[in-house]
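Dumped model15.csv below, it's CSV, C-alpha atoms:
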chain,number,residue,atom,x,y,z
A,16,MET,CA,-112.8,21.4,65.3
A,17,ARG,CA,-111.9,18.5,67.6
A,18,TYR,CA,-109.7,18.3,70.6
A,19,LYS,CA,-108.8,15.7,73.1
A,20,ASN,CA,-108.2,17.6,76.3
A,21,TYR,CA,-109.8,20.6,77.9
A,22,VAL,CA,-107.8,22.6,80.5
A,23,MET,CA,-108.9,25.6,82.5
A,24,PRO,CA,-105.5,26.9,83.9
A,25,ALA,CA,-105.3,28.5,87.3
A,26,THR,CA,-102.5,30.9,86.3
A,27,LEU,CA,-101.3,32.6,83.2
A,28,GLU,CA,-98.0,30.9,83.5
A,29,GLU,CA,-99.7,27.5,83.4
A,30,ALA,CA,-101.7,28.6,80.3
A,31,TRP,CA,-98.6,30.0,78.6
A,32,THR,CA,-96.6,26.8,79.3
A,33,LEU,CA,-99.4,24.6,77.9
A,34,ASN,CA,-99.7,26.9,74.8
A,35,GLN,CA,-96.0,26.5,73.9
A,36,LYS,CA,-96.9,23.1,72.4
A,37,LYS,CA,-98.0,23.3,68.8
A,38,SER,CA,-100.7,20.8,69.5
A,39,SER,CA,-102.4,23.3,71.9
A,40,ARG,CA,-104.9,26.1,71.1
A,41,ILE,CA,-106.3,28.9,73.3
A,42,LEU,CA,-110.1,29.1,73.1
A,43,GLY,CA,-111.7,32.5,72.7
A,44,GLY,CA,-115.4,32.5,71.8
A,45,THR,CA,-114.7,29.5,69.5
A,46,LEU,CA,-117.0,31.0,66.9
A,47,TRP,CA,-114.4,31.0,64.2
A,48,LEU,CA,-112.4,28.1,65.4
A,49,ARG,CA,-115.4,25.8,65.5
A,50,MET,CA,-115.9,26.1,61.8
A,51,SER,CA,-112.4,24.8,61.0
A,52,SER,CA,-111.5,21.2,60.5
A,53,LEU,CA,-108.6,21.6,63.0
A,54,SER,CA,-107.9,18.7,65.2
A,55,PHE,CA,-105.6,19.4,68.2
A,56,SER,CA,-104.6,18.0,71.5
A,57,THR,CA,-105.3,20.5,74.2
A,58,ALA,CA,-107.8,23.3,74.4
A,59,ILE,CA,-106.8,26.0,76.8
A,60,ASP,CA,-109.7,28.0,78.4
A,61,LEU,CA,-108.7,31.3,80.1
A,62,SER,CA,-112.2,31.6,81.6
A,63,GLY,CA,-111.0,30.9,85.1
A,64,LEU,CA,-108.5,33.8,85.3
A,65,GLY,CA,-110.8,36.7,85.9
A,66,LEU,CA,-109.9,38.3,82.6
A,67,ASP,CA,-113.5,39.2,81.7
A,68,LYS,CA,-113.6,42.6,83.2
A,69,ILE,CA,-113.6,46.3,82.1
A,70,GLU,CA,-111.7,48.3,84.7
A,71,ASP,CA,-111.3,52.0,85.0
A,72,THR,CA,-107.9,52.5,86.6
A,73,GLY,CA,-108.1,56.3,86.6
A,74,ASP,CA,-105.8,57.2,83.6
A,75,GLU,CA,-106.7,54.2,81.6
A,76,ILE,CA,-109.4,51.7,80.8
A,77,CYS,CA,-108.1,48.1,81.0
A,78,ILE,CA,-110.1,45.4,79.3
A,79,GLY,CA,-109.5,41.7,79.9
A,80,CYS,CA,-109.0,39.4,77.0
A,81,MET,CA,-112.0,37.2,77.9
A,82,THR,CA,-114.4,40.2,78.0
A,83,SER,CA,-117.3,39.6,75.6
A,84,LEU,CA,-117.8,42.0,72.6
A,85,HIS,CA,-121.3,42.7,73.9
A,86,ASP,CA,-119.9,43.9,77.3
A,87,ILE,CA,-117.6,46.3,75.4
A,88,GLU,CA,-120.5,47.4,73.1
A,89,VAL,CA,-122.7,48.4,76.1
A,90,SER,CA,-119.9,49.7,78.3
A,91,ASN,CA,-120.6,53.3,79.4
A,92,THR,CA,-117.0,53.6,80.5
A,93,ILE,CA,-115.7,52.9,77.0
A,94,ASN,CA,-118.4,54.5,75.0
A,95,SER,CA,-118.3,57.8,76.9
A,96,LEU,CA,-114.6,58.1,76.2
A,97,CYS,CA,-114.9,57.4,72.4
A,98,GLY,CA,-118.3,59.0,71.7
A,99,GLY,CA,-120.1,55.7,71.1
A,100,ALA,CA,-117.6,54.4,68.5
A,101,ALA,CA,-117.3,51.0,70.3
A,102,ARG,CA,-121.0,50.5,70.2
A,103,GLU,CA,-121.1,51.5,66.5
A,104,ALA,CA,-118.2,49.2,65.6
A,105,LEU,CA,-119.6,46.1,67.4
A,106,ARG,CA,-123.3,46.3,67.0
A,107,SER,CA,-123.3,44.8,63.5
A,108,ILE,CA,-121.4,41.7,64.4
A,109,VAL,CA,-124.0,39.0,63.8
A,110,GLY,CA,-126.3,39.2,66.9
A,111,VAL,CA,-126.3,39.8,70.7
A,112,GLN,CA,-125.9,36.1,71.4
A,113,PHE,CA,-122.9,35.9,69.1
A,114,ARG,CA,-121.3,38.9,70.8
A,115,ASN,CA,-122.0,37.5,74.2
A,116,CYS,CA,-119.8,34.5,73.1
A,117,ALA,CA,-117.1,36.3,71.2
A,118,THR,CA,-114.2,37.5,73.2
A,119,LEU,CA,-111.9,40.5,72.8
A,120,GLY,CA,-108.7,38.4,72.8
A,121,GLY,CA,-110.2,35.8,70.4
A,122,SER,CA,-111.2,38.7,68.1
A,123,LEU,CA,-107.8,40.4,68.2
A,124,TYR,CA,-105.1,37.7,68.4
A,125,PRO,CA,-105.7,36.2,65.0
A,126,ARG,CA,-105.6,39.7,63.4
A,127,PHE,CA,-108.5,38.8,61.2
A,128,GLY,CA,-108.7,40.5,57.8
A,129,PHE,CA,-112.4,41.2,58.4
A,130,SER,CA,-112.1,42.6,61.9
A,131,ASP,CA,-114.2,45.5,63.1
A,132,VAL,CA,-112.6,45.0,66.5
A,133,LEU,CA,-109.0,45.5,65.3
A,134,THR,CA,-110.0,48.5,63.3
A,135,LEU,CA,-111.7,50.1,66.3
A,136,PHE,CA,-108.9,49.6,68.8
A,137,MET,CA,-106.3,50.8,66.3
A,138,ALA,CA,-108.3,54.0,65.9
A,139,LEU,CA,-108.4,54.3,69.7
A,140,ASP,CA,-104.6,54.0,69.7
A,141,ALA,CA,-104.9,51.3,72.3
A,142,ASP,CA,-102.1,49.2,73.7
A,143,VAL,CA,-102.2,45.5,74.2
A,144,GLU,CA,-100.6,43.6,77.0
A,145,LEU,CA,-99.0,40.2,76.1
A,146,TYR,CA,-98.1,37.9,78.9
A,147,LYS,CA,-94.4,37.5,77.9
A,148,ALA,CA,-93.7,40.3,75.4
A,149,GLY,CA,-95.3,42.9,77.6
A,150,ARG,CA,-97.2,46.1,76.6
A,151,MET,CA,-97.0,47.5,73.1
A,152,PRO,CA,-99.1,49.7,70.8
A,153,ILE,CA,-101.8,47.7,69.0
A,154,CYS,CA,-100.4,48.8,65.6
A,155,GLU,CA,-97.1,47.1,66.5
A,156,PHE,CA,-99.0,44.0,67.7
A,157,ALA,CA,-101.0,43.9,64.5
A,158,ALA,CA,-97.9,43.8,62.4
A,159,ARG,CA,-96.2,41.0,64.4
A,160,SER,CA,-96.5,37.3,63.5
A,161,HIS,CA,-98.9,35.3,65.6
A,162,GLY,CA,-96.4,33.5,67.9
A,163,ARG,CA,-97.6,31.6,71.0
A,164,ASP,CA,-97.9,34.4,73.5
A,165,ILE,CA,-101.1,35.3,75.4
A,166,LEU,CA,-102.9,38.6,74.9
A,167,THR,CA,-104.1,39.3,78.4
A,168,HIS,CA,-105.5,42.9,78.3
A,169,VAL,CA,-106.2,45.8,75.9
A,170,ILE,CA,-105.6,49.2,77.4
A,171,ILE,CA,-107.1,52.5,76.3
A,172,LYS,CA,-105.4,55.6,77.5
A,173,LYS,CA,-108.0,58.1,78.8
A,174,ARG,CA,-107.5,61.4,76.9
A,175,PRO,CA,-109.7,63.6,74.9
A,176,MET,CA,-110.6,61.9,71.6
A,177,ARG,CA,-113.0,62.1,68.8
A,178,VAL,CA,-113.8,58.9,66.9
A,179,CYS,CA,-116.1,58.2,64.0
A,180,TYR,CA,-116.5,54.5,63.1
A,181,LEU,CA,-118.0,53.6,59.8
A,182,SER,CA,-118.4,50.3,57.9
A,183,GLN,CA,-119.9,49.2,54.6
A,184,ARG,CA,-121.8,45.9,54.6
A,185,ASN,CA,-123.7,44.1,51.8
A,186,SER,CA,-126.3,43.2,54.4
A,187,LYS,CA,-126.8,44.0,58.1
A,188,THR,CA,-124.8,41.6,60.4
A,189,ASP,CA,-122.7,40.3,57.5
A,190,PHE,CA,-118.9,40.6,57.5
A,191,PRO,CA,-117.9,44.1,56.5
A,192,VAL,CA,-116.9,44.9,53.0
A,193,LEU,CA,-114.8,47.7,54.5
A,194,THR,CA,-114.3,49.2,57.9
A,195,CYS,CA,-113.1,52.7,58.4
A,196,ALA,CA,-112.4,54.6,61.7
A,197,VAL,CA,-111.3,58.1,61.7
A,198,SER,CA,-109.9,59.4,65.0
A,199,GLU,CA,-108.5,62.6,66.4
A,200,LEU,CA,-106.2,62.3,69.3
A,201,GLU,CA,-104.2,65.1,70.9
A,202,GLY,CA,-104.3,67.1,67.7
A,203,ARG,CA,-103.3,64.3,65.3
A,204,MET,CA,-105.8,62.7,63.0
A,205,PHE,CA,-105.7,59.0,62.0
A,206,CYS,CA,-107.7,56.8,59.7
A,207,CYS,CA,-107.8,53.0,60.2
A,208,VAL,CA,-109.0,51.0,57.3
A,209,GLY,CA,-109.8,47.3,57.7
A,210,ALA,CA,-111.6,44.4,56.0
A,211,ARG,CA,-109.7,45.4,52.8
A,212,PRO,CA,-109.9,42.2,53.2
A,213,LEU,CA,-106.5,42.4,54.9
A,214,ARG,CA,-105.8,43.2,58.5
A,215,ALA,CA,-106.5,46.8,59.4
A,216,ALA,CA,-103.9,49.5,58.7
A,217,ARG,CA,-103.5,53.0,60.1
A,218,PHE,CA,-102.7,56.2,58.2
A,219,GLU,CA,-101.9,59.6,59.7
A,220,ARG,CA,-103.3,62.7,58.2
A,221,ALA,CA,-100.6,65.3,57.3
A,222,ALA,CA,-101.2,68.9,58.4
A,223,ASP,CA,-102.8,71.2,55.9
A,224,VAL,CA,-104.4,68.6,53.7
A,225,SER,CA,-108.1,68.6,52.8
A,226,ASP,CA,-110.5,65.7,53.6
A,227,THR,CA,-110.4,64.8,49.9
A,228,GLU,CA,-106.6,64.9,49.8
A,229,PHE,CA,-106.4,62.7,52.9
A,230,ALA,CA,-109.0,60.3,51.4
A,231,GLU,CA,-107.0,60.1,48.2
A,232,TYR,CA,-103.8,59.4,50.2
A,233,VAL,CA,-105.5,56.5,52.0
A,234,GLN,CA,-106.8,55.2,48.7
A,235,ARG,CA,-103.3,55.3,47.2
A,236,SER,CA,-101.4,54.0,50.2
A,237,ALA,CA,-103.7,51.1,51.4
A,238,THR,CA,-103.6,47.7,49.7
A,239,PHE,CA,-107.0,46.5,48.7
A,240,GLY,CA,-108.0,43.0,47.7
A,241,GLY,CA,-111.0,41.3,46.2
A,242,ASN,CA,-113.1,38.4,47.5
A,243,MET,CA,-116.7,37.1,47.2
A,244,ARG,CA,-118.1,40.3,48.8
A,245,ALA,CA,-116.4,43.0,46.8
A,246,SER,CA,-113.6,43.7,44.3
A,247,ALA,CA,-110.4,45.6,45.2
A,248,ASP,CA,-111.6,48.6,43.0
A,249,TYR,CA,-114.9,48.7,44.8
A,250,ARG,CA,-113.2,48.7,48.2
A,251,ARG,CA,-110.8,51.4,47.1
A,252,HIS,CA,-113.7,53.6,46.0
A,253,ILE,CA,-115.7,53.0,49.2
A,254,ALA,CA,-112.6,53.8,51.3
A,255,GLY,CA,-112.5,57.2,49.7
A,256,VAL,CA,-116.1,57.8,50.6
A,257,LEU,CA,-115.8,56.6,54.2
A,258,VAL,CA,-112.7,58.5,54.9
A,259,ARG,CA,-114.3,61.8,53.7
A,260,ARG,CA,-117.4,61.0,55.8
A,261,GLY,CA,-115.4,60.2,58.8
A,262,CYS,CA,-113.4,63.4,58.6
A,263,ALA,CA,-116.5,65.4,58.1
A,264,ALA,CA,-118.1,63.8,61.2
A,265,ILE,CA,-115.0,64.6,63.3
A,266,ARG,CA,-115.1,68.2,62.2
A,267,ARG,CA,-118.9,68.4,63.0
A,268,ASP,CA,-118.1,67.0,66.5
A,269,SER,CA,-115.4,69.6,67.1
A,270,LYS,CA,-117.7,72.6,66.5
B,6,MET,CA,-114.6,14.8,82.0
B,7,LYS,CA,-117.0,15.6,84.8
B,8,LEU,CA,-119.4,18.4,84.2
B,9,ASP,CA,-121.6,19.9,87.0
B,10,PHE,CA,-124.1,22.7,86.3
B,11,THR,CA,-127.6,23.8,86.9
B,12,LEU,CA,-130.0,23.2,84.0
B,13,ASN,CA,-133.5,24.9,84.3
B,14,GLY,CA,-133.1,24.9,88.1
B,15,ARG,CA,-132.0,21.2,88.3
B,16,LYS,CA,-128.5,20.1,89.2
B,17,ILE,CA,-126.9,18.1,86.4
B,18,SER,CA,-123.8,16.0,86.8
B,19,ASP,CA,-122.5,14.0,83.9
B,20,GLU,CA,-119.4,12.8,82.0
B,21,VAL,CA,-118.7,14.6,78.7
B,22,THR,CA,-115.9,14.3,76.2
B,23,ALA,CA,-113.5,17.3,76.2
B,24,ASP,CA,-114.8,18.9,73.0
B,25,THR,CA,-118.6,18.5,73.5
B,26,VAL,CA,-120.4,21.6,72.7
B,27,LEU,CA,-123.3,22.8,75.0
B,28,LEU,CA,-125.9,22.3,72.3
B,29,ASP,CA,-125.2,18.6,71.8
B,30,PHE,CA,-125.1,18.1,75.6
B,31,LEU,CA,-128.5,19.8,76.1
B,32,ARG,CA,-130.2,17.8,73.3
B,33,ALA,CA,-128.8,14.6,74.8
B,34,HIS,CA,-130.5,15.6,78.0
B,35,GLY,CA,-133.9,16.1,76.5
B,36,CYS,CA,-133.8,19.8,75.7
B,37,TYR,CA,-135.1,19.5,72.1
B,38,SER,CA,-136.0,23.2,71.8
B,39,VAL,CA,-132.3,23.8,71.3
B,40,LYS,CA,-131.6,23.3,67.6
B,41,ARG,CA,-128.7,23.7,65.2
B,42,GLY,CA,-130.1,25.6,62.3
B,43,CYS,CA,-126.8,26.5,60.7
B,44,GLU,CA,-123.1,25.6,60.9
B,45,THR,CA,-121.8,29.1,61.2
B,46,ALA,CA,-123.1,30.5,64.5
B,47,ASN,CA,-125.4,32.9,62.7
B,48,CYS,CA,-129.0,31.6,63.0
B,49,GLY,CA,-129.8,32.0,66.7
B,50,MET,CA,-131.8,28.8,66.9
B,51,CYS,CA,-129.6,27.3,69.6
B,52,THR,CA,-130.0,30.4,71.9
B,53,VAL,CA,-129.9,29.5,75.6
B,54,LEU,CA,-129.4,31.7,78.7
B,55,VAL,CA,-126.1,31.2,80.5
B,56,GLU,CA,-126.3,33.1,83.8
B,57,GLY,CA,-129.2,35.0,82.3
B,58,ARG,CA,-127.3,36.1,79.1
B,59,PRO,CA,-128.3,34.8,75.7
B,60,MET,CA,-125.6,32.8,74.1
B,61,LEU,CA,-125.2,30.4,71.1
B,62,SER,CA,-125.0,27.0,72.6
B,63,CYS,CA,-123.6,25.6,69.4
B,64,ALA,CA,-120.4,27.6,70.1
B,65,VAL,CA,-120.1,27.2,73.9
B,66,PRO,CA,-117.8,24.4,75.0
B,67,ALA,CA,-119.9,22.4,77.5
B,68,MET,CA,-117.0,22.4,80.0
B,69,ARG,CA,-117.1,26.2,80.0
B,70,ILE,CA,-120.5,26.1,81.8
B,71,ASN,CA,-119.2,24.1,84.7
B,72,GLY,CA,-120.8,25.5,87.8
B,73,LYS,CA,-123.1,27.8,86.0
B,74,ASN,CA,-126.8,28.2,85.5
B,75,VAL,CA,-128.2,27.4,82.1
B,76,THR,CA,-131.8,28.0,81.0
B,77,THR,CA,-133.5,26.7,78.0
B,78,LEU,CA,-137.0,27.1,76.7
B,79,GLU,CA,-138.0,24.0,78.6
B,80,GLY,CA,-137.3,25.9,81.8
B,81,LEU,CA,-139.3,29.0,80.8
B,82,GLN,CA,-142.6,27.4,79.9
B,83,ALA,CA,-144.9,30.0,81.6
B,84,GLU,CA,-143.1,33.0,80.0
B,85,ALA,CA,-142.8,31.2,76.6
B,86,THR,CA,-146.4,30.2,76.5
B,87,GLU,CA,-147.4,33.8,77.3
B,88,PHE,CA,-145.4,35.2,74.5
B,89,ALA,CA,-146.3,32.4,72.1
B,90,GLY,CA,-149.9,33.6,72.3
B,91,PHE,CA,-149.0,37.0,70.9
B,92,MET,CA,-147.0,35.2,68.1
B,93,ALA,CA,-150.1,33.1,67.3
B,94,ASP,CA,-152.4,36.2,67.3
B,95,GLN,CA,-150.2,37.7,64.5
B,96,GLY,CA,-149.8,34.4,62.5
B,97,ALA,CA,-146.1,34.7,63.1
B,98,ASP,CA,-145.7,31.0,63.5
B,99,GLN,CA,-145.1,29.4,60.2
B,100,CYS,CA,-142.8,26.4,60.1
B,101,GLY,CA,-142.0,27.2,63.8
B,102,PHE,CA,-138.4,25.9,63.6
B,103,CYS,CA,-136.9,29.2,64.7
B,104,ASN,CA,-139.4,30.0,67.4
B,105,PRO,CA,-137.6,28.6,70.5
B,106,GLY,CA,-134.4,30.5,69.8
B,107,PHE,CA,-136.4,33.6,69.0
B,108,ILE,CA,-138.5,33.4,72.1
B,109,MET,CA,-135.4,32.9,74.3
B,110,ASN,CA,-133.8,36.1,72.8
B,111,VAL,CA,-137.0,38.0,73.3
B,112,LEU,CA,-137.1,37.1,76.9
B,113,ALA,CA,-133.4,38.0,77.3
B,114,MET,CA,-134.2,41.3,75.6
B,115,LEU,CA,-136.9,42.0,78.1
B,116,ASN,CA,-134.4,41.6,80.9
B,117,GLU,CA,-131.6,43.7,79.3
B,118,LEU,CA,-133.1,46.6,77.4
B,119,ASN,CA,-134.6,49.7,79.0
B,120,ASP,CA,-135.7,51.4,75.8
B,121,PHE,CA,-137.8,49.2,73.6
B,122,SER,CA,-137.8,51.4,70.5
B,123,GLU,CA,-138.4,49.5,67.2
B,124,GLU,CA,-134.7,50.2,66.3
B,125,ASN,CA,-133.4,48.7,69.5
B,126,VAL,CA,-135.7,45.7,69.3
B,127,ARG,CA,-134.7,45.0,65.7
B,128,ALA,CA,-131.0,45.4,66.6
B,129,TYR,CA,-131.3,43.0,69.6
B,130,LEU,CA,-133.1,40.4,67.6
B,131,ALA,CA,-130.9,40.7,64.5
B,132,GLY,CA,-129.2,37.4,65.4
B,133,ASN,CA,-132.4,35.4,65.1
B,134,LEU,CA,-133.1,34.3,61.5
B,135,CYS,CA,-136.4,33.3,60.1
B,136,ARG,CA,-136.5,31.9,56.6
B,137,CYS,CA,-140.4,31.7,56.3
B,138,THR,CA,-141.3,35.3,57.1
B,139,GLY,CA,-140.1,38.9,56.7
B,140,PHE,CA,-140.1,39.4,60.4
B,141,ALA,CA,-143.0,41.8,60.2
B,142,SER,CA,-145.4,39.5,62.0
B,143,GLN,CA,-142.9,38.8,64.8
B,144,HIS,CA,-142.4,42.5,65.4
B,145,ARG,CA,-146.1,43.1,65.5
B,146,ALA,CA,-146.3,40.3,68.1
B,147,ILE,CA,-143.4,41.9,70.1
B,148,ALA,CA,-145.1,45.3,70.0
B,149,ALA,CA,-148.3,43.8,71.3
B,150,TYR,CA,-146.5,41.8,74.0
B,151,LEU,CA,-144.5,44.8,75.2
B,152,GLU,CA,-147.7,46.8,75.3
B,153,TYR,CA,-149.3,44.1,77.4
B,154,LYS,CA,-146.2,44.0,79.7
B,155,ARG,CA,-146.3,47.7,80.1
B,156,LYS,CA,-149.9,47.5,81.3
B,157,VAL,CA,-149.0,44.8,83.8
B,158,GLY,CA,-146.0,46.8,84.9
B,159,VAL,CA,-143.0,44.7,83.8
B,160,ALA,CA,-141.6,46.6,80.8
B,161,GLN,CA,-141.2,50.4,81.0
Produce structure tokens that represent the structure in this file.
Amino acid sequence: MRYKNYVMPATLEEAWTLNQKKSSRILGGTLWLRMSSLSFSTAIDLSGLGLDKIEDTGDEICIGCMTSLHDIEVSNTINSLCGGAAREALRSIVGVQFRNCATLGGSLYPRFGFSDVLTLFMALDADVELYKAGRMPICEFAARSHGRDILTHVIIKKRPMRVCYLSQRNSKTDFPVLTCAVSELEGRMFCCVGARPLRAARFERAADVSDTEFAEYVQRSATFGGNMRASADYRRHIAGVLVRRGCAAIRRDSK
Amino acid sequence: MKLDFTLNGRKISDEVTADTVLLDFLRAHGCYSVKRGCETANCGMCTVLVEGRPMLSCAVPAMRINGKNVTTLEGLQAEATEFAGFMADQGADQCGFCNPGFIMNVLAMLNELNDFSEENVRAYLAGNLCRCTGFASQHRAIAAYLEYKRKVGVAQ
């Protein structure tokens, strides 16, 4: 990765205007970007905009896009709401030093096909705030094309929830072979499956189906792919196991 | 571009190109403990403390640390020497290439964690790779070091 100019804008409007040029890139933690051979004109650093905070606004938890993954991992505000699912989802991402560099916005905006972070926040039914497009559910955001907007915040609505985050990895701290988060929100149960290795997708459990039937539904409905870590068939098999385990854990929690 | 920050307690002011990463800047300023052991931000050898937090200097744009405090092993000689003694006692030094990054993260861990269970220690240090050993000797050294720190009242 090479760039000619580095700018730390004083306002989001300035950052957005700079980012409308195809030769500009917004920097997150630069952990993924740095491995590319990209050469661009202007690097935009949002570090000066105070977007690195986790704020409890009463009804919601509002997380700035420059908040590090480690801050989210150790946040009592977030983990007490979701039963430690954030800690579980993030703790296997390389190491503490990496997670101190990696940012929430940098992890979500590219909708990586290997993302623990996207899987987690879809399971929490979070909203994202884009500077121009405004607030929208993260599932809608995940399905959109990248565009040149700026993700400023992720917002979790405070309500009773039960969440179980699971992942399968070939070795600790490696990319996940599969991510699976089962959540129960206001009487509805969802399963988010990511690292398929496609971007995470969410499935809702119909009433009156068993754990096994729900797992089979996810296995049938989700698209799985193969790469150097695992085949599509292996991922489909693992998805069935993790969905059943997640459902069982949610049920145990509710007793 | 003009970069001003504090390195190991000393004010630094220098010109950098826009895309300089912190690791290269630090090595150019004599901090040879900071090393690039991989090209994928996975090995932990370039670990430095930015405002007390352990970070991978290979991934941090140098300009992002403008106005901040950066600490490398060169700035923590007393603490590093103390811990290195426990590493030596266990024969944990083999090629030694990963030691500076490992020691930096151990010192960061001491500041951040309250519960030094083996599980927590292993999780905290998972981002420091050693290709000579199986980590057992390092963890014996850490256990002995933590016990020593408990006795002198630093770690609980």
For chain A versus chain B, which residues have an atom no more than 8 Å away, and what is each residue's nearest atom pair and distance in Å rounded to one decimal, using only C-alpha atoms, chain-then-number order, as JSON lines?
{"residue": "A:Arg17", "atom": "CA", "partner": "B:Asp24", "partner_atom": "CA", "distance": 6.1}
{"residue": "A:Tyr18", "atom": "CA", "partner": "B:Asp24", "partner_atom": "CA", "distance": 5.7}
{"residue": "A:Lys19", "atom": "CA", "partner": "B:Ala23", "partner_atom": "CA", "distance": 5.9}
{"residue": "A:Asn20", "atom": "CA", "partner": "B:Ala23", "partner_atom": "CA", "distance": 5.3}
{"residue": "A:Tyr21", "atom": "CA", "partner": "B:Ala23", "partner_atom": "CA", "distance": 5.2}
{"residue": "A:Gly44", "atom": "CA", "partner": "B:Ala64", "partner_atom": "CA", "distance": 7.2}
{"residue": "A:Thr45", "atom": "CA", "partner": "B:Ala64", "partner_atom": "CA", "distance": 6.0}
{"residue": "A:Leu46", "atom": "CA", "partner": "B:Ala64", "partner_atom": "CA", "distance": 5.8}
{"residue": "A:Arg49", "atom": "CA", "partner": "B:Ala64", "partner_atom": "CA", "distance": 7.0}
{"residue": "A:Met50", "atom": "CA", "partner": "B:Thr45", "partner_atom": "CA", "distance": 6.6}
{"residue": "A:Asp60", "atom": "CA", "partner": "B:Arg69", "partner_atom": "CA", "distance": 7.8}
{"residue": "A:Ser62", "atom": "CA", "partner": "B:Arg69", "partner_atom": "CA", "distance": 7.5}
{"residue": "A:Arg106", "atom": "CA", "partner": "B:Ala128", "partner_atom": "CA", "distance": 7.8}
{"residue": "A:Val109", "atom": "CA", "partner": "B:Gly132", "partner_atom": "CA", "distance": 5.7}
{"residue": "A:Gly110", "atom": "CA", "partner": "B:Gly132", "partner_atom": "CA", "distance": 3.7}
{"residue": "A:Val111", "atom": "CA", "partner": "B:Tyr129", "partner_atom": "CA", "distance": 6.0}
{"residue": "A:Gln112", "atom": "CA", "partner": "B:Met60", "partner_atom": "CA", "distance": 4.3}
{"residue": "A:Phe113", "atom": "CA", "partner": "B:Leu61", "partner_atom": "CA", "distance": 6.3}
{"residue": "A:Asn115", "atom": "CA", "partner": "B:Met60", "partner_atom": "CA", "distance": 5.9}
{"residue": "A:Cys116", "atom": "CA", "partner": "B:Met60", "partner_atom": "CA", "distance": 6.1}
{"residue": "A:Thr188", "atom": "CA", "partner": "B:Ala131", "partner_atom": "CA", "distance": 7.4}
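For the set A:Leu105, A:Ala210, A:Ala264, A:Ala148, the residue with the smallest atom-to-atom gap to Lys187 of chain A is A:Leu105, counting all atoms listed in the file.
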Checklist outcome for this item: Judged by only C-alpha atoms, the minimum distance to Ile76 of chain A among A:Leu96, A:Glu28, A:Gln183, A:Gly63 is found for A:Leu96
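Taking atom CA of Val132 of chain A and atom CA of Ser51 of chain A as endpoints, the distance between them is 20.9 Å.
Going from atom CA of Ala25 of chain A over to atom CA of Val169 of chain A, you cover 20.7 Å.
Among the candidates B:Gly57, B:Gly14, B:Gln82, B:Arg41, the residue lying nearest to Asn116 of chain B is B:Gly57 (atoms considered: only C-alpha atoms).
Relative to atom CA of Arg177 of chain A, atom CA of Glu228 of chain A is found at 20.2 Å.
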Limit the output to N, CA, C and O atoms and give segment 114-122 of chain B as an mmCIF file, in the first residue's frame.
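The resulting file, decode_1.cif, is reproduced below:
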data_model
loop_
_atom_site.group_PDB
_atom_site.id
_atom_site.type_symbol
_atom_site.label_atom_id
_atom_site.label_comp_id
_atom_site.auth_asym_id
_atom_site.auth_seq_id
_atom_site.Cartn_x
_atom_site.Cartn_y
_atom_site.Cartn_z
ATOM 1 N N MET B 114 0.452 -6.294 29.425
ATOM 2 C CA MET B 114 -0.487 -7.189 30.118
ATOM 3 C C MET B 114 -0.508 -6.907 31.612
ATOM 4 O O MET B 114 -1.570 -6.882 32.243
ATOM 5 N N LEU B 115 0.663 -6.676 32.165
ATOM 6 C CA LEU B 115 0.757 -6.399 33.592
ATOM 7 C C LEU B 115 -0.052 -5.155 33.962
ATOM 8 O O LEU B 115 -0.658 -5.077 35.029
ATOM 9 N N ASN B 116 -0.094 -4.191 33.050
ATOM 10 C CA ASN B 116 -0.851 -2.959 33.301
ATOM 11 C C ASN B 116 -2.347 -3.127 33.085
ATOM 12 O O ASN B 116 -3.145 -2.425 33.702
ATOM 13 N N GLU B 117 -2.733 -4.045 32.168
ATOM 14 C CA GLU B 117 -4.145 -4.102 31.792
ATOM 15 C C GLU B 117 -4.954 -5.148 32.550
ATOM 16 O O GLU B 117 -6.086 -4.884 32.953
ATOM 17 N N LEU B 118 -4.377 -6.340 32.746
ATOM 18 C CA LEU B 118 -5.171 -7.412 33.347
ATOM 19 C C LEU B 118 -5.243 -7.276 34.864
ATOM 20 O O LEU B 118 -4.327 -6.757 35.505
ATOM 21 N N ASN B 119 -6.336 -7.773 35.412
ATOM 22 C CA ASN B 119 -6.441 -7.904 36.867
ATOM 23 C C ASN B 119 -6.326 -9.357 37.287
ATOM 24 O O ASN B 119 -5.874 -9.657 38.383
ATOM 25 N N ASP B 120 -6.750 -10.239 36.410
ATOM 26 C CA ASP B 120 -6.759 -11.669 36.714
ATOM 27 C C ASP B 120 -5.725 -12.351 35.810
ATOM 28 O O ASP B 120 -5.919 -12.429 34.593
ATOM 29 N N PHE B 121 -4.637 -12.832 36.447
ATOM 30 C CA PHE B 121 -3.554 -13.429 35.664
ATOM 31 C C PHE B 121 -3.668 -14.951 35.623
ATOM 32 O O PHE B 121 -2.689 -15.661 35.826
ATOM 33 N N SER B 122 -4.865 -15.454 35.364
ATOM 34 C CA SER B 122 -5.013 -16.897 35.206
ATOM 35 C C SER B 122 -4.240 -17.322 33.964
ATOM 36 O O SER B 122 -3.991 -16.494 33.059
#
